[in-house]
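Enquirer: The structure file target_21.cif (mmCIF, C-alpha atoms) is provided below.
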```cif
data_input
loop_
_atom_site.label_atom_id
_atom_site.label_comp_id
_atom_site.auth_asym_id
_atom_site.auth_seq_id
_atom_site.Cartn_x
_atom_site.Cartn_y
_atom_site.Cartn_z
CA SER A 519 -38.26 62.28 18.76
CA SER A 520 -39.48 64.48 21.58
CA SER A 521 -38.21 67.65 19.90
CA SER A 522 -40.20 67.06 16.72
CA SER A 523 -43.39 66.35 18.63
CA SER A 524 -43.02 69.51 20.67
CA SER A 525 -42.41 71.62 17.55
CA SER A 526 -45.43 70.18 15.79
CA SER A 527 -47.67 70.79 18.77
CA SER A 528 -46.52 74.40 19.00
CA SER A 529 -47.07 74.97 15.29
CA SER A 530 -50.61 73.59 15.41
CA ILE A 531 -51.66 76.57 17.54
CA PHE A 532 -51.19 78.85 14.56
CA PHE A 533 -52.87 76.76 11.86
CA LEU A 534 -56.39 78.10 11.56
CA PRO A 535 -59.19 76.13 9.94
CA LYS A 536 -60.41 77.63 6.68
CA ILE A 537 -64.05 78.50 7.28
CA PRO A 538 -66.40 79.06 4.34
CA THR A 539 -67.80 82.57 4.39
CA ARG A 540 -71.05 81.48 2.70
CA PRO A 541 -73.32 78.75 4.03
CA VAL A 542 -72.73 75.52 2.14
CA PHE A 543 -76.37 74.37 2.17
CA ARG A 544 -77.77 76.44 -0.69
CA LEU A 545 -81.24 74.88 -0.66
CA SER A 546 -81.82 74.72 3.08
CA PRO A 547 -84.92 76.42 4.51
CA PRO A 548 -84.45 80.13 5.38
CA ALA A 549 -84.52 79.49 9.16
CA ILE A 550 -81.67 76.96 8.96
CA ARG A 551 -79.84 79.15 6.50
CA SER A 552 -79.85 82.13 8.87
CA VAL A 553 -78.53 79.98 11.73
CA ILE A 554 -75.72 78.68 9.52
CA THR A 555 -74.90 82.20 8.40
CA MET A 556 -74.84 83.47 11.97
CA SER A 557 -72.58 80.70 13.24
CA THR A 558 -70.30 81.10 10.23
CA ASN A 559 -70.06 84.83 10.80
CA THR A 560 -69.23 84.30 14.45
CA SER A 561 -66.47 81.83 13.66
CA THR A 562 -65.22 84.02 10.81
CA SER A 563 -64.87 87.00 13.15
CA LYS A 564 -63.15 84.76 15.73
CA ASN A 565 -60.83 83.65 12.96
CA GLN A 566 -60.18 87.25 12.01
CA GLU A 567 -59.32 88.05 15.63
CA GLU A 568 -56.83 85.18 15.73
CA LEU A 569 -55.30 86.31 12.43
CA ASP A 570 -55.03 89.92 13.66
CA SER A 571 -53.26 88.71 16.77
CA ILE A 572 -50.82 86.68 14.66
CA PHE A 573 -50.10 89.70 12.43
CA LYS A 574 -49.35 91.75 15.58
CA GLN A 575 -46.97 89.05 16.82
CA LYS A 576 -45.26 89.00 13.42
CA LYS A 577 -44.75 92.79 13.60
CA VAL A 578 -43.00 92.44 16.95
CA VAL A 579 -40.69 89.69 15.65
CA ARG A 580 -39.92 91.72 12.51
CA SER A 581 -38.90 94.78 14.47
CA THR A 582 -36.66 92.74 16.79
CA VAL A 583 -34.87 91.02 13.90
CA ARG A 584 -34.50 94.28 11.94
CA LYS A 585 -32.71 95.81 14.93
CA SER A 586 -30.29 92.91 15.31
CA LEU A 587 -29.55 92.95 11.56
CA LYS A 588 -28.86 96.69 11.69
CA ALA A 589 -26.51 96.15 14.61
CA MET A 590 -24.51 93.48 12.75
CA ASP A 591 -20.83 94.31 12.33
CA PRO A 592 -20.18 95.05 8.60
CA SER A 593 -17.09 92.83 8.47
CA LEU A 594 -19.04 89.94 10.03
CA ARG A 595 -21.80 90.49 7.47
CA THR A 596 -19.28 90.30 4.58
CA GLN A 597 -17.75 87.18 6.11
CA GLN A 598 -21.20 85.54 6.40
CA ASP A 599 -22.17 86.64 2.84
CA ASP A 600 -19.08 84.86 1.47
CA ALA A 601 -19.54 81.76 3.62
CA ILE A 602 -23.23 81.35 2.66
CA GLN A 603 -22.63 81.88 -1.07
CA ASN A 604 -19.66 79.47 -1.12
CA ILE A 605 -21.76 76.79 0.59
CA VAL A 606 -24.47 77.21 -2.07
CA LEU A 607 -22.01 77.25 -5.00
CA GLU A 608 -20.34 74.04 -3.84
CA ALA A 609 -23.53 72.14 -2.99
CA PRO A 610 -24.44 69.20 -5.28
CA TRP A 611 -28.15 70.21 -5.30
CA PHE A 612 -27.14 73.63 -6.61
CA ARG A 613 -24.57 72.39 -9.11
CA SER A 614 -26.97 69.89 -10.65
CA CYS A 615 -30.03 72.15 -10.88
CA ARG A 616 -31.03 73.29 -14.39
CA ARG A 617 -33.74 75.88 -13.87
CA MET A 618 -34.03 78.09 -10.83
CA CYS A 619 -35.49 81.25 -9.31
CA ALA A 620 -33.31 83.42 -7.09
CA TYR A 621 -33.68 86.80 -5.46
CA ILE A 622 -31.43 89.79 -6.18
CA SER A 623 -30.09 90.95 -2.85
CA CYS A 624 -30.65 94.49 -1.65
CA LYS A 625 -28.11 96.02 0.72
CA SER A 626 -30.52 98.51 2.26
CA LEU A 627 -32.83 95.62 3.24
CA ASN A 628 -29.89 93.79 4.86
CA GLU A 629 -30.48 90.66 2.76
CA VAL A 630 -27.86 87.95 2.39
CA ASP A 631 -25.82 88.81 -0.72
CA THR A 632 -26.55 86.74 -3.85
CA SER A 633 -24.37 88.63 -6.36
CA LYS A 634 -21.67 85.94 -6.41
CA ILE A 635 -24.24 83.16 -6.99
CA LEU A 636 -25.99 85.11 -9.76
CA SER A 637 -22.82 86.08 -11.60
CA GLN A 638 -21.58 82.48 -11.43
CA ILE A 639 -24.83 81.28 -13.06
CA LEU A 640 -24.83 84.00 -15.72
CA GLN A 641 -21.19 83.51 -16.69
CA HIS A 642 -22.17 80.16 -18.22
CA PRO A 643 -19.38 78.18 -16.62
CA ASP A 644 -17.63 75.23 -18.12
CA GLY A 645 -20.15 72.40 -18.49
CA ASN A 646 -17.91 69.86 -16.77
CA THR A 647 -18.00 71.57 -13.42
CA MET A 648 -21.56 72.87 -13.25
CA ALA A 649 -24.78 72.31 -15.17
CA GLN A 650 -25.89 75.18 -17.40
CA LYS A 651 -28.71 76.97 -15.60
CA LYS A 652 -31.72 78.98 -16.64
CA LEU A 653 -32.29 81.80 -14.16
CA TYR A 654 -35.51 83.62 -13.26
CA VAL A 655 -35.47 86.65 -10.95
CA PRO A 656 -38.26 88.69 -9.31
CA ARG A 657 -40.02 91.71 -10.72
CA VAL A 658 -42.56 93.39 -8.44
CA GLU A 659 -45.69 94.29 -10.40
CA ASP A 660 -47.73 96.30 -7.89
CA LYS A 661 -48.38 96.91 -4.20
CA ASN A 662 -50.85 94.00 -3.98
CA SER A 663 -48.31 91.22 -3.45
CA ASN A 664 -48.01 90.49 -7.18
CA MET A 665 -44.53 89.52 -8.29
CA ARG A 666 -43.37 87.74 -11.44
CA MET A 667 -40.20 85.71 -11.93
CA LEU A 668 -38.66 86.61 -15.30
CA HIS A 669 -35.82 84.97 -17.20
CA ILE A 670 -32.54 86.86 -17.50
CA SER A 671 -29.26 85.90 -19.19
CA HIS A 672 -27.00 88.83 -18.18
CA MET A 673 -26.58 91.10 -15.17
CA ASP A 674 -27.12 93.99 -17.64
CA ASP A 675 -30.74 92.84 -17.95
CA LEU A 676 -31.40 94.39 -14.53
CA ILE A 677 -32.50 97.97 -13.85
CA ALA A 678 -33.12 99.76 -10.54
CA ASN A 679 -36.80 100.19 -9.66
CA SER A 680 -38.34 103.05 -7.67
CA MET A 681 -37.06 101.50 -4.42
CA ASN A 682 -33.58 101.19 -5.90
CA ILE A 683 -33.84 97.39 -6.02
CA LEU A 684 -32.47 95.76 -9.18
CA GLU A 685 -35.02 93.87 -11.25
CA PRO A 686 -35.51 92.84 -14.87
CA ALA A 687 -37.36 95.08 -17.31
CA SER A 688 -40.42 93.23 -18.64
CA VAL A 689 -38.95 93.24 -22.18
CA ASP A 690 -35.39 92.40 -23.24
CA SER A 691 -33.00 94.60 -25.26
CA GLN A 692 -34.60 93.36 -28.52
CA GLY A 693 -38.04 94.39 -27.27
CA ASN A 694 -39.22 90.80 -26.71
CA GLU A 695 -41.30 89.90 -23.66
CA ARG A 696 -39.17 88.08 -21.13
CA GLU A 697 -40.20 84.54 -20.33
CA ASP A 698 -42.25 84.35 -17.15
CA VAL A 699 -41.61 81.24 -15.05
CA MET A 700 -45.40 80.76 -14.80
CA GLN A 701 -45.50 80.30 -18.59
CA ALA A 702 -42.41 78.09 -18.82
CA ASP A 703 -42.76 74.59 -20.31
CA GLU A 704 -40.47 73.01 -17.76
CA PRO A 705 -40.44 73.10 -13.96
CA ILE A 706 -37.83 74.87 -11.84
CA ASP A 707 -35.71 72.64 -9.58
CA LEU A 708 -34.62 75.23 -7.05
CA LEU A 709 -35.87 78.45 -5.51
CA ILE A 710 -33.49 80.59 -3.46
CA LEU A 711 -35.49 82.97 -1.34
CA PRO A 712 -34.89 85.79 1.12
CA GLY A 713 -36.68 86.49 4.38
CA LEU A 714 -36.37 88.40 7.60
CA ALA A 715 -36.39 85.49 10.07
CA PHE A 716 -36.41 81.69 10.01
CA ASP A 717 -36.45 78.73 12.34
CA ARG A 718 -35.22 75.17 11.99
CA CYS A 719 -38.80 73.86 11.52
CA GLY A 720 -39.08 75.57 8.12
CA ARG A 721 -40.97 78.66 9.17
CA ARG A 722 -40.10 81.83 7.29
CA LEU A 723 -41.04 85.38 8.20
CA GLY A 724 -41.02 87.77 5.24
CA ARG A 725 -41.10 91.56 5.32
CA GLY A 726 -44.89 91.71 5.35
CA GLY A 727 -45.59 92.33 1.66
CA GLY A 728 -46.76 88.77 1.00
CA TYR A 729 -44.98 88.67 -2.39
CA TYR A 730 -43.20 85.36 -1.95
CA ASP A 731 -46.08 83.53 -0.25
CA THR A 732 -48.41 84.65 -3.07
CA PHE A 733 -45.94 83.65 -5.78
CA LEU A 734 -45.16 80.29 -4.14
CA LYS A 735 -48.86 79.43 -3.79
CA ARG A 736 -49.40 80.23 -7.50
CA TYR A 737 -46.38 78.24 -8.58
CA GLN A 738 -47.40 75.25 -6.45
CA ASP A 739 -50.85 75.32 -8.10
CA ARG A 740 -49.20 75.36 -11.53
CA ALA A 741 -46.85 72.51 -10.60
CA GLU A 742 -49.84 70.46 -9.44
CA GLU A 743 -51.76 71.22 -12.63
CA LYS A 744 -48.73 70.15 -14.72
CA ASP A 745 -47.92 67.18 -12.47
CA TRP A 746 -44.45 68.59 -11.71
CA SER A 747 -42.67 68.14 -8.44
CA ASN A 748 -42.22 71.35 -6.45
CA PRO A 749 -38.82 73.06 -6.46
CA LEU A 750 -36.53 72.75 -3.47
CA MET A 751 -37.13 75.94 -1.49
CA VAL A 752 -33.93 77.14 0.15
CA ALA A 753 -33.60 80.33 2.21
CA LEU A 754 -30.33 82.15 2.92
CA SER A 755 -29.88 83.42 6.47
CA TYR A 756 -27.39 85.37 8.57
CA SER A 757 -26.95 83.93 12.07
CA PRO A 758 -29.07 86.63 13.86
CA GLN A 759 -32.03 85.75 11.60
CA ILE A 760 -32.36 82.20 12.93
CA LEU A 761 -34.85 82.14 15.76
CA GLU A 762 -35.90 79.57 18.30
CA ASP A 763 -38.26 76.90 16.91
CA GLY A 764 -41.89 77.95 17.10
CA SER A 765 -41.19 81.63 17.79
CA ILE A 766 -42.37 82.65 14.30
CA PRO A 767 -46.19 82.79 14.23
CA LEU A 768 -47.86 81.08 11.24
CA THR A 769 -50.98 81.82 9.21
CA PRO A 770 -52.58 79.37 6.74
CA ASN A 771 -51.01 81.25 3.78
CA ASP A 772 -47.42 80.93 5.00
CA VAL A 773 -45.33 78.56 2.91
CA LEU A 774 -42.71 76.47 4.73
CA ILE A 775 -39.16 76.25 3.37
CA ASP A 776 -37.29 72.99 2.70
CA ALA A 777 -33.87 74.10 3.94
CA LEU A 778 -31.79 76.95 5.29
CA VAL A 779 -28.25 77.90 4.33
CA THR A 780 -26.46 79.58 7.23
CA PRO A 781 -22.83 80.70 7.55
CA SER A 782 -22.05 77.47 9.38
CA GLY A 783 -23.70 75.13 6.90
CA ILE A 784 -26.90 73.72 5.42
CA VAL A 785 -29.91 72.96 7.62
CA PRO A 786 -32.15 70.49 5.73
CA ILE A 787 -35.69 70.58 7.17
CA SER A 788 -38.29 68.83 5.01
CA PRO A 789 -38.13 65.09 4.18
CA ARG A 790 -37.18 65.89 0.57
CA ALA A 791 -34.37 68.19 1.69
CA LEU A 792 -33.07 65.51 4.06
CA GLU A 793 -33.11 63.11 1.11
CA ARG A 794 -31.40 65.46 -1.38
CA MET A 795 -28.97 67.32 0.86
#
```
Translate the structure of the given file into structure tokens.

Expert:
Amino acid sequence: SSSSSSSSSSSSIFFLPKIPTRPVFRLSPPAIRSVITMSTNTSTSKNQEELDSIFKQKKVVRSTVRKSLKAMDPSLRTQQDDAIQNIVLEAPWFRSCRRMCAYISCKSLNEVDTSKILSQILQHPDGNTMAQKKLYVPRVEDKNSNMRMLHISHMDDLIANSMNILEPASVDSQGNEREDVMQADEPIDLLILPGLAFDRCGRRLGRGGGYYDTFLKRYQDRAEEKDWSNPLMVALSYSPQILEDGSIPLTPNDVLIDALVTPSGIVPISPRALERM
């Protein structure tokens, strides 16, 4: 369709070729080697300029979306929180999933509420209505985009961190290390993730910390190594967070989402989401 071709052409602007920083020809004569190094350095700095410009554009989009989220009427927010969570809880792809990662919403960050979804999972509902689920939630390890997804079985497993965001302690009440999803023997089926802005082409703009993109890249590498299929990546979004297609700039490290859940319904994006949703 014409719309898909236009969206793909606009996205290609932001995909930058990965350029090796060292010359590939190790054994080439010194003269050739210096030419290769020079041209590589030139293209690397051009690449860096393009990346810097994309990061600036992202900053602008972030600040615009933050303002519109702040301005959201509290009663509308509550209404949208309920609508989004009910859509997830009733969806067949959610009901049938066995192992999943989900974020713990933070009010001060204006994230879509997940408390209803999490408590439903942790209450171990009757097996006839919903599959028993194993839940992993994020724990931020440092300021360098490192985040682990650890298994929890109760809401009491969560403690507030220095930023007052709930997360699991690294050991459980018996003093045992919590299971890290990266060490799990079985793949996760579903990943529910937050973000600041999204579009209907699967682009997601985070808050700039790079935690989710780093985690997703690592998990995708592990899935490939284990020959697992990747989890369905579903983002939850208030209506002001959904932007026009192509208005979110992309870098090569940005991971695309499979689907969006909005207050008015599910937006499947990737071929696998279209197939499963």

Enquirer: Residues picked by the PyMOL selection byres ((chain A and resi 653-656) around 8) here, as a ChimeraX atom specification?

Expert: /A:617-622,639-640,651-652,657-658,665-671,685-686,698-699

Enquirer: Can you measure atom CA of A:Pro712 to atom CA of A:Asp776 for me? One decimal in Å is fine.

Expert: 13.1 Å

Enquirer: Quick one: residues within 8 Å of A:Pro705, all atoms listed in the file, excluding same-chain residues fewer than 5 positions away - as a PyMOL selection string?

Expert: chain A and resi 617+741+746-749

Enquirer: Restricting the output to C-alpha atoms, write the selected residues as a JSON list (two decimals), keeping the file's coordinate frame.

Expert:
```json
[["chain", "number", "residue", "atom", "x", "y", "z"],
["A", 617, "ARG", "CA", -33.74, 75.88, -13.87],
["A", 741, "ALA", "CA", -46.85, 72.51, -10.60],
["A", 746, "TRP", "CA", -44.45, 68.59, -11.71],
["A", 747, "SER", "CA", -42.67, 68.14, -8.44],
["A", 748, "ASN", "CA", -42.22, 71.35, -6.45],
["A", 749, "PRO", "CA", -38.82, 73.06, -6.46]]
```

Enquirer: Find the spatial neighbours of A:Val630, counting all atoms listed in the file, within a cut-off of 9 Å - ignore same-chain residues fewer than 5 positions away - and output them as a PyMOL selection string.

Expert: chain A and resi 595+598-599+602-603+623-625+712+754-756

Enquirer: Go ahead and find all residues with at least one atom no further than 12 Å from (-38.7, 78.3, 7.5) in the file's coordinates, using all atoms listed in the file; report them as a VMD selection string.

Expert: chain A and resid 529 711 to 724 731 751 to 755 759 to 768 772 to 779 785 to 788

Enquirer: Separation of atom CA of A:Pro610 and atom CA of A:Leu587, in Å?

Expert: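 Computing the Euclidean distance for atom CA of A:Pro610 and atom CA of A:Leu587 yields 29.6 Å.
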
Enquirer: Write out as a PyMOL selection string each polymer residue whose atoms come within 10 Å of A:Asn662, counting all atoms listed in the file; drop sequence neighbours fewer than 4 positions from it.

Expert: chain A and resi 658+727-729+732

Enquirer: Determine the nearest neighbour of A:Lys588 from the options A:Pro770, A:Gly726, A:Gly783, A:Pro758, counting only C-alpha atoms.

Expert: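 Once distances to A:Lys588 are computed over only C-alpha atoms, the minimum belongs to A:Pro758.
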
Enquirer: What does the distance from atom CA of A:Asp660 to atom CA of A:Ser571 come to in Å, to one decimal?

Expert: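 According to the coordinates, atom CA of A:Asp660 and atom CA of A:Ser571 are separated by 26.4 Å.
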
Enquirer: So which residues get picked by the PyMOL selection byres ((chain A and resi 691) around 12) here, written as a PyMOL selection string?

Expert: chain A and resi 670-672+674-677+686-690+692-696

Enquirer: Pick from A:Leu734, A:Thr562, A:Arg584, A:Lys634: nearest to A:Asp600, with all atoms listed in the file counted?

Expert: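 Closest residue, counting all atoms listed in the file: A:Lys634.
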
Enquirer: Given all atoms listed in the file as the basis, pick out the residue of A:Val606, A:Arg613, A:Met673, A:Ser663 nearest to A:Leu636.

Expert: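 Closest candidate: A:Met673.
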
Enquirer: Because some atoms of stretch 591-605 of chain A are absent here, can you restore N, CA and C atoms and send them as an mmCIF file, keeping the file's coordinate frame?

Expert:
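Result written to rebuild04.cif:
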```
data_model
loop_
_atom_site.group_PDB
_atom_site.id
_atom_site.type_symbol
_atom_site.label_atom_id
_atom_site.label_comp_id
_atom_site.auth_asym_id
_atom_site.auth_seq_id
_atom_site.Cartn_x
_atom_site.Cartn_y
_atom_site.Cartn_z
ATOM 1 N N ASP A 591 -22.107 93.726 12.737
ATOM 2 C CA ASP A 591 -20.830 94.310 12.330
ATOM 3 C C ASP A 591 -20.629 94.109 10.823
ATOM 4 N N PRO A 592 -20.310 95.170 10.066
ATOM 5 C CA PRO A 592 -20.180 95.050 8.600
ATOM 6 C C PRO A 592 -19.178 93.972 8.163
ATOM 7 N N SER A 593 -18.078 93.836 8.901
ATOM 8 C CA SER A 593 -17.090 92.830 8.470
ATOM 9 C C SER A 593 -17.614 91.416 8.712
ATOM 10 N N LEU A 594 -18.427 91.247 9.769
ATOM 11 C CA LEU A 594 -19.040 89.940 10.030
ATOM 12 C C LEU A 594 -20.068 89.634 8.938
ATOM 13 N N ARG A 595 -20.804 90.673 8.527
ATOM 14 C CA ARG A 595 -21.800 90.490 7.470
ATOM 15 C C ARG A 595 -21.115 90.010 6.177
ATOM 16 N N THR A 596 -20.009 90.676 5.797
ATOM 17 C CA THR A 596 -19.280 90.300 4.580
ATOM 18 C C THR A 596 -18.770 88.867 4.686
ATOM 19 N N GLN A 597 -18.256 88.534 5.870
ATOM 20 C CA GLN A 597 -17.750 87.180 6.110
ATOM 21 C C GLN A 597 -18.877 86.152 5.930
ATOM 22 N N GLN A 598 -20.067 86.468 6.498
ATOM 23 C CA GLN A 598 -21.200 85.540 6.400
ATOM 24 C C GLN A 598 -21.743 85.470 4.972
ATOM 25 N N ASP A 599 -21.750 86.629 4.254
ATOM 26 C CA ASP A 599 -22.170 86.640 2.840
ATOM 27 C C ASP A 599 -21.317 85.655 2.031
ATOM 28 N N ASP A 600 -19.995 85.733 2.223
ATOM 29 C CA ASP A 600 -19.080 84.860 1.470
ATOM 30 C C ASP A 600 -19.286 83.406 1.843
ATOM 31 N N ALA A 601 -19.390 83.148 3.154
ATOM 32 C CA ALA A 601 -19.540 81.760 3.620
ATOM 33 C C ALA A 601 -20.818 81.139 3.046
ATOM 34 N N ILE A 602 -21.937 81.873 3.127
ATOM 35 C CA ILE A 602 -23.230 81.350 2.660
ATOM 36 C C ILE A 602 -23.180 81.080 1.153
ATOM 37 N N GLN A 603 -22.657 82.049 0.388
ATOM 38 C CA GLN A 603 -22.630 81.880 -1.070
ATOM 39 C C GLN A 603 -21.700 80.738 -1.487
ATOM 40 N N ASN A 604 -20.566 80.582 -0.797
ATOM 41 C CA ASN A 604 -19.660 79.470 -1.120
ATOM 42 C C ASN A 604 -20.303 78.125 -0.849
ATOM 43 N N ILE A 605 -21.062 78.042 0.262
ATOM 44 C CA ILE A 605 -21.760 76.790 0.590
ATOM 45 C C ILE A 605 -22.734 76.436 -0.529
#
```
